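Listing of upload_24.pdb, PDB, C-alpha atoms, pLDDT in the B column
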ATOM      1  CA  MET A   1     -15.916  20.106  10.503  1.00 35.00           C
ATOM      2  CA  SER A   2     -14.087  19.444  13.749  1.00 36.00           C
ATOM      3  CA  HIS A   3     -12.455  16.344  12.309  1.00 39.00           C
ATOM      4  CA  GLU A   4     -11.419  18.277   9.225  1.00 39.00           C
ATOM      5  CA  HIS A   5      -9.817  20.906  11.449  1.00 36.00           C
ATOM      6  CA  GLU A   6      -7.930  18.224  13.367  1.00 37.00           C
ATOM      7  CA  HIS A   7      -6.732  16.739  10.087  1.00 39.00           C
ATOM      8  CA  HIS A   8      -5.348  20.057   8.863  1.00 37.00           C
ATOM      9  CA  ASP A   9      -3.519  20.718  12.119  1.00 40.00           C
ATOM     10  CA  ASP A  10      -2.001  17.246  12.108  1.00 40.00           C
ATOM     11  CA  HIS A  11      -1.007  17.476   8.466  1.00 40.00           C
ATOM     12  CA  GLU A  12       0.540  20.876   9.065  1.00 38.00           C
ATOM     13  CA  HIS A  13       2.597  19.708  12.049  1.00 40.00           C
ATOM     14  CA  GLY A  14       3.615  16.525  10.275  1.00 40.00           C
ATOM     15  CA  HIS A  15       4.838  18.501   7.303  1.00 41.00           C
ATOM     16  CA  ASP A  16       7.107  20.681   9.438  1.00 39.00           C
ATOM     17  CA  HIS A  17       8.510  17.666  11.210  1.00 38.00           C
ATOM     18  CA  ASN A  18       9.143  15.843   7.938  1.00 39.00           C
ATOM     19  CA  HIS A  19      10.874  18.856   6.490  1.00 38.00           C
ATOM     20  CA  GLU A  20      13.397  18.783   9.332  1.00 38.00           C
ATOM     21  CA  HIS A  21      14.196  15.138   8.605  1.00 41.00           C
ATOM     22  CA  GLY A  22      14.344  15.783   4.880  1.00 41.00           C
ATOM     23  CA  HIS A  23      17.720  17.537   5.117  1.00 40.00           C
ATOM     24  CA  ASP A  24      19.383  14.327   6.248  1.00 46.00           C
ATOM     25  CA  HIS A  25      17.740  12.083   3.672  1.00 48.00           C
ATOM     26  CA  PRO A  26      20.086  10.991   0.864  1.00 47.00           C
ATOM     27  CA  HIS A  27      17.320  11.084  -1.797  1.00 49.00           C
ATOM     28  CA  HIS A  28      16.146  14.666  -1.280  1.00 48.00           C
ATOM     29  CA  HIS A  29      17.245  16.883  -4.178  1.00 48.00           C
ATOM     30  CA  HIS A  30      16.620  20.467  -5.128  1.00 59.00           C
ATOM     31  CA  VAL A  31      14.989  19.341  -8.378  1.00 74.00           C
ATOM     32  CA  GLU A  32      11.329  18.744  -7.668  1.00 89.00           C
ATOM     33  CA  LYS A  33      10.186  15.221  -8.425  1.00 94.00           C
ATOM     34  CA  PRO A  34       6.641  13.936  -8.924  1.00 96.00           C
ATOM     35  CA  VAL A  35       5.070  12.643  -5.730  1.00 97.00           C
ATOM     36  CA  ILE A  36       3.376   9.290  -5.203  1.00 98.00           C
ATOM     37  CA  ALA A  37       1.109   9.411  -2.155  1.00 98.00           C
ATOM     38  CA  ILE A  38       0.911   5.980  -0.556  1.00 98.00           C
ATOM     39  CA  ASP A  39      -1.464   4.502   2.006  1.00 98.00           C
ATOM     40  CA  GLY A  40       1.003   3.324   4.630  1.00 98.00           C
ATOM     41  CA  ARG A  41      -1.407   2.680   7.529  1.00 98.00           C
ATOM     42  CA  TYR A  42      -0.844  -1.047   7.883  1.00 98.00           C
ATOM     43  CA  GLY A  43       2.909  -0.774   7.394  1.00 98.00           C
ATOM     44  CA  LEU A  44       3.282   1.772  10.198  1.00 98.00           C
ATOM     45  CA  ARG A  45       1.798  -0.550  12.813  1.00 98.00           C
ATOM     46  CA  SER A  46       3.535  -2.948  15.159  1.00 97.00           C
ATOM     47  CA  PRO A  47       3.019  -5.842  15.282  1.00 96.00           C
ATOM     48  CA  ARG A  48       2.084  -6.256  11.614  1.00 97.00           C
ATOM     49  CA  ARG A  49       0.161  -8.939   9.780  1.00 94.00           C
ATOM     50  CA  GLY A  50       0.583  -9.977   6.123  1.00 93.00           C
ATOM     51  CA  VAL A  51      -0.560  -6.806   4.375  1.00 95.00           C
ATOM     52  CA  GLY A  52       1.233  -4.662   6.947  1.00 96.00           C
ATOM     53  CA  GLU A  53       4.523  -6.475   6.397  1.00 95.00           C
ATOM     54  CA  TYR A  54       4.102  -6.094   2.632  1.00 94.00           C
ATOM     55  CA  VAL A  55       3.586  -2.328   2.970  1.00 96.00           C
ATOM     56  CA  TYR A  56       6.373  -1.871   5.530  1.00 97.00           C
ATOM     57  CA  ARG A  57       8.979  -3.677   3.450  1.00 95.00           C
ATOM     58  CA  LEU A  58       7.891  -2.005   0.219  1.00 94.00           C
ATOM     59  CA  VAL A  59       8.091   1.517   1.628  1.00 96.00           C
ATOM     60  CA  THR A  60      11.305   0.835   3.564  1.00 96.00           C
ATOM     61  CA  GLU A  61      13.176  -0.629   0.596  1.00 94.00           C
ATOM     62  CA  LEU A  62      12.033   2.184  -1.688  1.00 95.00           C
ATOM     63  CA  GLY A  63      13.700   4.567   0.738  1.00 96.00           C
ATOM     64  CA  PHE A  64      17.113   3.102  -0.043  1.00 95.00           C
ATOM     65  CA  ILE A  65      17.022   2.989  -3.841  1.00 93.00           C
ATOM     66  CA  SER A  66      17.276   5.737  -6.434  1.00 93.00           C
ATOM     67  CA  ARG A  67      13.821   6.741  -7.705  1.00 94.00           C
ATOM     68  CA  PRO A  68      12.541   9.274 -10.265  1.00 95.00           C
ATOM     69  CA  TYR A  69       9.760  10.184  -7.824  1.00 96.00           C
ATOM     70  CA  GLU A  70       9.230  11.070  -4.174  1.00 97.00           C
ATOM     71  CA  LEU A  71       7.155   8.895  -1.877  1.00 97.00           C
ATOM     72  CA  HIS A  72       4.853  10.585   0.639  1.00 98.00           C
ATOM     73  CA  VAL A  73       3.512   8.144   3.225  1.00 98.00           C
ATOM     74  CA  PHE A  74       0.167   8.614   4.963  1.00 98.00           C
ATOM     75  CA  GLY A  75      -0.965   6.833   8.115  1.00 98.00           C
ATOM     76  CA  ASP A  76      -3.414   7.114  10.992  1.00 98.00           C
ATOM     77  CA  LEU A  77      -3.308   7.093  14.781  1.00 96.00           C
ATOM     78  CA  SER A  78      -2.636   3.337  14.859  1.00 97.00           C
ATOM     79  CA  ALA A  79       0.985   4.064  13.825  1.00 98.00           C
ATOM     80  CA  ASP A  80       3.637   2.734  16.182  1.00 98.00           C
ATOM     81  CA  PRO A  81       5.885   5.603  17.412  1.00 98.00           C
ATOM     82  CA  GLU A  82       9.119   3.691  16.823  1.00 98.00           C
ATOM     83  CA  VAL A  83       8.142   2.569  13.320  1.00 98.00           C
ATOM     84  CA  LEU A  84       6.944   6.094  12.573  1.00 98.00           C
ATOM     85  CA  SER A  85      10.279   7.573  13.649  1.00 97.00           C
ATOM     86  CA  ARG A  86      12.247   5.171  11.424  1.00 97.00           C
ATOM     87  CA  MET A  87       9.967   5.789   8.464  1.00 98.00           C
ATOM     88  CA  ARG A  88      10.264   9.572   8.789  1.00 98.00           C
ATOM     89  CA  PHE A  89      13.996   9.236   8.253  1.00 97.00           C
ATOM     90  CA  LEU A  90      13.250   7.745   4.821  1.00 97.00           C
ATOM     91  CA  HIS A  91      10.142   9.596   3.639  1.00 98.00           C
ATOM     92  CA  PRO A  92       7.778  12.410   4.557  1.00 98.00           C
ATOM     93  CA  VAL A  93       5.018  10.890   6.707  1.00 98.00           C
ATOM     94  CA  ASP A  94       1.714  12.470   7.736  1.00 98.00           C
ATOM     95  CA  LEU A  95      -0.856  11.016  10.127  1.00 98.00           C
ATOM     96  CA  LEU A  96      -4.452  11.890   9.277  1.00 98.00           C
ATOM     97  CA  ILE A  97      -6.882  12.096  12.194  1.00 96.00           C
ATOM     98  CA  THR A  98     -10.329  10.728  11.373  1.00 96.00           C
ATOM     99  CA  PRO A  99     -13.032   8.892  13.354  1.00 94.00           C
ATOM    100  CA  ASN A 100     -12.957   5.692  11.260  1.00 94.00           C
ATOM    101  CA  PHE A 101     -11.387   3.943   8.273  1.00 95.00           C
ATOM    102  CA  PHE A 102     -14.117   5.078   5.856  1.00 96.00           C
ATOM    103  CA  THR A 103     -13.571   8.798   6.493  1.00 97.00           C
ATOM    104  CA  TRP A 104      -9.804   8.255   6.315  1.00 98.00           C
ATOM    105  CA  GLU A 105      -9.999   6.493   2.941  1.00 98.00           C
ATOM    106  CA  GLN A 106     -12.724   8.553   1.284  1.00 98.00           C
ATOM    107  CA  MET A 107     -12.299  12.038   2.808  1.00 97.00           C
ATOM    108  CA  ALA A 108      -8.998  12.748   4.561  1.00 98.00           C
ATOM    109  CA  PHE A 109      -6.670  10.798   2.247  1.00 98.00           C
ATOM    110  CA  PRO A 110      -7.897  12.248  -1.084  1.00 97.00           C
ATOM    111  CA  GLN A 111      -7.957  15.741   0.419  1.00 97.00           C
ATOM    112  CA  ALA A 112      -4.406  15.453   1.770  1.00 97.00           C
ATOM    113  CA  THR A 113      -3.042  14.003  -1.486  1.00 96.00           C
ATOM    114  CA  HIS A 114      -4.450  16.653  -3.816  1.00 93.00           C
ATOM    115  CA  GLY A 115      -1.660  17.562  -6.234  1.00 94.00           C
ATOM    116  CA  ALA A 116       0.134  14.211  -6.094  1.00 97.00           C
ATOM    117  CA  ALA A 117       1.071  12.566  -9.392  1.00 97.00           C
ATOM    118  CA  PHE A 118      -0.401   9.245  -8.232  1.00 97.00           C
ATOM    119  CA  ILE A 119      -2.202   7.733  -5.275  1.00 98.00           C
ATOM    120  CA  HIS A 120      -1.143   4.197  -4.367  1.00 98.00           C
ATOM    121  CA  GLY A 121      -3.685   2.214  -2.374  1.00 98.00           C
ATOM    122  CA  THR A 122      -1.796  -0.660  -0.801  1.00 97.00           C
ATOM    123  CA  ALA A 123      -4.658  -2.645   0.759  1.00 95.00           C
ATOM    124  CA  ASN A 124      -7.406  -3.286  -1.816  1.00 95.00           C
ATOM    125  CA  ILE A 125      -8.844   0.239  -1.406  1.00 97.00           C
ATOM    126  CA  ASN A 126      -8.398   3.775  -2.736  1.00 98.00           C
ATOM    127  CA  PRO A 127     -10.458   6.976  -2.776  1.00 98.00           C
ATOM    128  CA  LEU A 128     -13.541   6.642  -4.970  1.00 97.00           C
ATOM    129  CA  ALA A 129     -13.986  10.344  -5.778  1.00 94.00           C
ATOM    130  CA  THR A 130     -10.644  11.738  -6.905  1.00 95.00           C
ATOM    131  CA  ARG A 131      -9.200  12.800 -10.242  1.00 93.00           C
ATOM    132  CA  THR A 132      -5.678  11.829  -9.217  1.00 96.00           C
ATOM    133  CA  PRO A 133      -4.427   8.795 -11.201  1.00 97.00           C
ATOM    134  CA  GLN A 134      -4.382   5.654  -9.090  1.00 97.00           C
ATOM    135  CA  ILE A 135      -2.206   2.624  -8.548  1.00 97.00           C
ATOM    136  CA  LEU A 136      -3.910  -0.168  -6.648  1.00 97.00           C
ATOM    137  CA  THR A 137      -2.476  -3.176  -4.857  1.00 97.00           C
ATOM    138  CA  VAL A 138      -5.057  -5.952  -4.728  1.00 96.00           C
ATOM    139  CA  HIS A 139      -3.706  -8.746  -2.552  1.00 94.00           C
ATOM    140  CA  ASP A 140      -6.538 -11.138  -3.302  1.00 91.00           C
ATOM    141  CA  ALA A 141     -10.236 -11.468  -4.040  1.00 89.00           C
ATOM    142  CA  ILE A 142     -10.912 -13.638  -1.019  1.00 82.00           C
ATOM    143  CA  GLU A 143     -14.140 -11.868  -0.052  1.00 83.00           C
ATOM    144  CA  TRP A 144     -15.810 -13.184  -3.194  1.00 84.00           C
ATOM    145  CA  HIS A 145     -14.950 -16.720  -2.083  1.00 80.00           C
ATOM    146  CA  ARG A 146     -16.254 -16.315   1.455  1.00 69.00           C
ATOM    147  CA  GLY A 147     -19.336 -18.442   2.065  1.00 59.00           C
ATOM    148  CA  LYS A 148     -18.424 -20.702  -0.846  1.00 58.00           C
ATOM    149  CA  ASP A 149     -14.844 -21.705  -0.072  1.00 55.00           C
ATOM    150  CA  PHE A 150     -14.798 -20.296   3.480  1.00 54.00           C
ATOM    151  CA  PRO A 151     -18.101 -21.121   5.197  1.00 59.00           C
ATOM    152  CA  GLY A 152     -19.132 -19.710   8.570  1.00 64.00           C
ATOM    153  CA  ALA A 153     -20.720 -16.596  10.029  1.00 70.00           C
ATOM    154  CA  ILE A 154     -18.853 -13.307  10.301  1.00 72.00           C
ATOM    155  CA  PRO A 155     -19.452 -10.429  12.749  1.00 78.00           C
ATOM    156  CA  PHE A 156     -21.892  -7.721  11.627  1.00 75.00           C
ATOM    157  CA  ARG A 157     -19.192  -5.014  11.645  1.00 77.00           C
ATOM    158  CA  HIS A 158     -16.994  -7.184   9.407  1.00 78.00           C
ATOM    159  CA  HIS A 159     -19.973  -7.792   7.125  1.00 77.00           C
ATOM    160  CA  VAL A 160     -20.542  -4.031   6.657  1.00 87.00           C
ATOM    161  CA  SER A 161     -16.827  -3.428   6.024  1.00 88.00           C
ATOM    162  CA  ARG A 162     -16.772  -6.343   3.573  1.00 88.00           C
ATOM    163  CA  LEU A 163     -19.686  -4.973   1.523  1.00 91.00           C
ATOM    164  CA  TYR A 164     -18.099  -1.521   1.401  1.00 95.00           C
ATOM    165  CA  ARG A 165     -14.735  -2.845   0.228  1.00 94.00           C
ATOM    166  CA  MET A 166     -16.159  -5.279  -2.308  1.00 94.00           C
ATOM    167  CA  ASN A 167     -18.318  -2.615  -3.931  1.00 95.00           C
ATOM    168  CA  ALA A 168     -15.532  -0.042  -3.845  1.00 96.00           C
ATOM    169  CA  LEU A 169     -13.053  -2.456  -5.414  1.00 96.00           C
ATOM    170  CA  LYS A 170     -15.456  -3.210  -8.265  1.00 95.00           C
ATOM    171  CA  ARG A 171     -15.447   0.504  -9.110  1.00 96.00           C
ATOM    172  CA  LEU A 172     -11.767   1.166  -8.450  1.00 97.00           C
ATOM    173  CA  ALA A 173     -10.135  -1.750 -10.272  1.00 96.00           C
ATOM    174  CA  PRO A 174     -11.344  -0.958 -13.827  1.00 93.00           C
ATOM    175  CA  LYS A 175     -10.141   2.662 -13.685  1.00 93.00           C
ATOM    176  CA  ALA A 176      -6.780   2.116 -11.932  1.00 96.00           C
ATOM    177  CA  GLN A 177      -3.727   2.976 -14.042  1.00 95.00           C
ATOM    178  CA  ALA A 178      -2.112  -0.245 -12.856  1.00 94.00           C
ATOM    179  CA  ILE A 179      -2.959  -3.061 -10.481  1.00 97.00           C
ATOM    180  CA  LEU A 180      -0.280  -4.842  -8.490  1.00 96.00           C
ATOM    181  CA  THR A 181      -0.842  -8.250  -6.963  1.00 95.00           C
ATOM    182  CA  VAL A 182       1.290 -10.923  -5.364  1.00 92.00           C
ATOM    183  CA  SER A 183       0.576 -14.158  -7.232  1.00 92.00           C
ATOM    184  CA  ASP A 184      -0.642 -15.555 -10.539  1.00 94.00           C
ATOM    185  CA  HIS A 185      -3.623 -17.058  -8.708  1.00 92.00           C
ATOM    186  CA  ALA A 186      -4.648 -13.619  -7.428  1.00 93.00           C
ATOM    187  CA  LYS A 187      -4.093 -12.153 -10.899  1.00 95.00           C
ATOM    188  CA  GLU A 188      -6.523 -14.624 -12.431  1.00 95.00           C
ATOM    189  CA  ASP A 189      -9.088 -13.935  -9.707  1.00 94.00           C
ATOM    190  CA  ILE A 190      -8.803 -10.183 -10.342  1.00 94.00           C
ATOM    191  CA  HIS A 191      -9.215 -10.738 -14.073  1.00 95.00           C
ATOM    192  CA  GLN A 192     -12.243 -13.006 -13.678  1.00 94.00           C
ATOM    193  CA  ILE A 193     -14.051 -11.296 -10.800  1.00 93.00           C
ATOM    194  CA  LEU A 194     -13.181  -7.619 -11.290  1.00 93.00           C
ATOM    195  CA  ARG A 195     -13.112  -7.732 -15.111  1.00 92.00           C
ATOM    196  CA  VAL A 196      -9.622  -6.274 -15.467  1.00 94.00           C
ATOM    197  CA  ASP A 197      -7.495  -7.075 -18.518  1.00 94.00           C
ATOM    198  CA  ARG A 198      -4.595  -9.343 -17.633  1.00 94.00           C
ATOM    199  CA  GLU A 199      -2.188  -6.914 -19.335  1.00 94.00           C
ATOM    200  CA  ARG A 200      -2.969  -4.272 -16.697  1.00 94.00           C
ATOM    201  CA  ILE A 201      -2.211  -6.567 -13.758  1.00 96.00           C
ATOM    202  CA  VAL A 202       1.416  -6.763 -12.642  1.00 95.00           C
ATOM    203  CA  VAL A 203       2.474  -9.701 -10.484  1.00 94.00           C
ATOM    204  CA  THR A 204       5.188  -8.687  -8.022  1.00 88.00           C
ATOM    205  CA  PRO A 205       6.006 -11.825  -5.995  1.00 78.00           C
ATOM    206  CA  LEU A 206       6.614 -11.391  -2.289  1.00 72.00           C
ATOM    207  CA  ALA A 207       9.553 -13.799  -2.513  1.00 58.00           C
ATOM    208  CA  ALA A 208      11.684 -15.587  -5.031  1.00 52.00           C
ATOM    209  CA  THR A 209      10.687 -18.834  -6.781  1.00 51.00           C
ATOM    210  CA  SER A 210      13.765 -21.094  -6.719  1.00 47.00           C
ATOM    211  CA  GLN A 211      17.091 -21.287  -4.945  1.00 47.00           C
ATOM    212  CA  THR A 212      20.459 -23.017  -5.049  1.00 40.00           C
ATOM    213  CA  ARG A 213      22.329 -24.712  -2.252  1.00 45.00           C
ATOM    214  CA  ARG A 214      25.722 -26.319  -1.868  1.00 46.00           C
ATOM    215  CA  THR A 215      25.619 -30.041  -1.166  1.00 47.00           C
ATOM    216  CA  PRO A 216      27.852 -30.943   1.807  1.00 51.00           C
ATOM    217  CA  GLY A 217      31.218 -32.148   0.522  1.00 54.00           C
ATOM    218  CA  SER A 218      30.564 -30.746  -2.970  1.00 47.00           C
ATOM    219  CA  HIS A 219      32.249 -27.811  -4.706  1.00 49.00           C
ATOM    220  CA  SER A 220      29.240 -27.050  -6.907  1.00 46.00           C
ATOM    221  CA  ALA A 221      25.767 -25.724  -6.189  1.00 44.00           C
ATOM    222  CA  SER A 222      22.623 -27.550  -7.270  1.00 45.00           C
ATOM    223  CA  ARG A 223      19.182 -26.037  -7.953  1.00 43.00           C
ATOM    224  CA  VAL A 224      16.430 -27.032  -5.554  1.00 38.00           C
ATOM    225  CA  PRO A 225      12.797 -25.938  -5.226  1.00 42.00           C
ATOM    226  CA  GLY A 226      12.515 -22.594  -3.470  1.00 39.00           C
ATOM    227  CA  PRO A 227      13.070 -18.865  -3.975  1.00 38.00           C
ATOM    228  CA  SER A 228      14.831 -17.158  -6.897  1.00 39.00           C
ATOM    229  CA  PHE A 229      14.621 -13.786  -8.598  1.00 36.00           C
ATOM    230  CA  ARG A 230      13.938 -14.773 -12.180  1.00 45.00           C
ATOM    231  CA  ARG A 231      10.754 -12.657 -12.114  1.00 47.00           C
ATOM    232  CA  ARG A 232      10.155  -9.075 -11.114  1.00 49.00           C
ATOM    233  CA  SER A 233      10.174  -8.566  -7.384  1.00 46.00           C
ATOM    234  CA  ILE A 234       7.957  -6.131  -5.501  1.00 46.00           C
ATOM    235  CA  PHE A 235      10.557  -3.376  -5.943  1.00 42.00           C
TER     236      PHE A 235
END
Could you rewrite the structure in this file as structure tokens?
Amino acid sequence: MSHEHEHHDDHEHGHDHNHEHGHDHPHHHHVEKPVIAIDGRYGLRSPRRGVGEYVYRLVTELGFISRPYELHVFGDLSADPEVLSRMRFLHPVDLLITPNFFTWEQMAFPQATHGAAFIHGTANINPLATRTPQILTVHDAIEWHRGKDFPGAIPFRHHVSRLYRMNALKRLAPKAQAILTVSDHAKEDIHQILRVDRERIVVTPLAATSQTRRTPGSHSASRVPGPSFRRRSIF
């Protein structure tokens, strides 16, 4: 109960603080929009690894484009103060205080997001026991390849976390309203391993797929292998 009390106090204070910033935000309107609650934990950290950079850039860019919905970002005590300050200029942000990642994901997050139109899990995980419709980003199915394609022992704590996330993802993926992933390879893995119809998996590439460059001394551009935006981007 003590952790629940801490969570409510933090959520309450965060809400007041966000409300103050909301007056300066160009996307706040008097007409109430549906809210998407998003797991922003990894994007609020600094430094960030791959998933964190994905989340940070997604949430940041969404703050600068017109949207028919509001984004409410949720993090934990690992949030970097400077990143948190910048993000609060763009979106409401609440930090949920819990003793570990499991209680954050399965207790505090679903409780704090009650009433949202959607919950977006950005890192292969979402609450298991919630009636709120879910969007799920599944970056890969690498854990199913560990031991086969990636031999070697893993720490016990990682092993426990791995079993939890693998079993949770098996239950979450089939009932998600939509699944986002970052490559066609990951899409096929999700289809094969998690038994999700390909039509429900949206590939949003992290970068473009071809580019053009101007040859020195030439007045025309030629196409070379590299990034382009012929397909849907993450935004």
Skip Ile193 of chain A itself and residues of its chain fewer than 5 positions away, then list as a JSON list (two decimals) with C-alpha atoms, in the coordinates of the input all residues within 9 Å of it, counting all atoms listed in the file.
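Final output, saved to selection-v2.json:
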[["chain", "number", "residue", "atom", "x", "y", "z"],
["A", 141, "ALA", "CA", -10.24, -11.47, -4.04],
["A", 144, "TRP", "CA", -15.81, -13.18, -3.19],
["A", 170, "LYS", "CA", -15.46, -3.21, -8.26],
["A", 188, "GLU", "CA", -6.52, -14.62, -12.43]]
Centre, x/y/z edge lengths, axis-aligned box for segment 161-175 of chain A with 4 Å per side, as JSON:
{"center_x": -14.9, "center_y": -1.8, "center_z": -3.9, "size_x": 17.6, "size_y": 17.0, "size_z": 27.9}
Inset, instruction - For segment 115-130 of chain A, please output as a PyMOL selection string all residues within 10 Å (counting all atoms listed in the file; exclusion window: fewer than 2 positions along the same chain). - result: chain A and resi 33-43+51-52+54-55+58+69-73+102-113+132-141+164-166+168-169+171-173+176-181
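As for atom CA of Phe89 of chain A and atom CA of Val203 of chain A, they are spaced 29.0 Å apart.
The space separating atom CA of Pro174 of chain A from atom CA of Arg198 of chain A comes to 11.4 Å.
Of the residues listed (A:Ile154, A:Gly63, A:Asn100, A:Tyr56), A:Asn100 shows the shortest atom-to-atom separation from Leu77 of chain A; distances use all atoms listed in the file.
For the atom pair formed by atom CA of Arg57 of chain A and atom CA of Phe101 of chain A, the distance is 22.3 Å, given to one decimal.
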Inset, instruction - Compare A:His145, A:Arg200, A:Gly75, A:Leu84 by their minimum atom-to-atom distance to Thr98 of chain A, counting only C-alpha atoms, and give me the closest one. - result: A:Gly75
Inset, instruction - Find, counting only C-alpha atoms, the residue in A:Pro68, A:Ile190, A:Gly50, A:Ser78 that gets nearest to Glu32 of chain A. - result: A:Pro68
Selection result of the PyMOL selection byres ((chain A and resi 92) around 7) on this file, as an mmCIF file with C-alpha atoms, keeping the file's coordinate frame:
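And here's expr.cif as it stands now:
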data_model
loop_
_atom_site.group_PDB
_atom_site.id
_atom_site.type_symbol
_atom_site.label_atom_id
_atom_site.label_comp_id
_atom_site.auth_asym_id
_atom_site.auth_seq_id
_atom_site.Cartn_x
_atom_site.Cartn_y
_atom_site.Cartn_z
ATOM 1 C CA ASN A 18 9.143 15.843 7.938
ATOM 2 C CA HIS A 72 4.853 10.585 0.639
ATOM 3 C CA VAL A 73 3.512 8.144 3.225
ATOM 4 C CA ARG A 88 10.264 9.572 8.789
ATOM 5 C CA HIS A 91 10.142 9.596 3.639
ATOM 6 C CA VAL A 93 5.018 10.890 6.707
ATOM 7 C CA ASP A 94 1.714 12.470 7.736
#
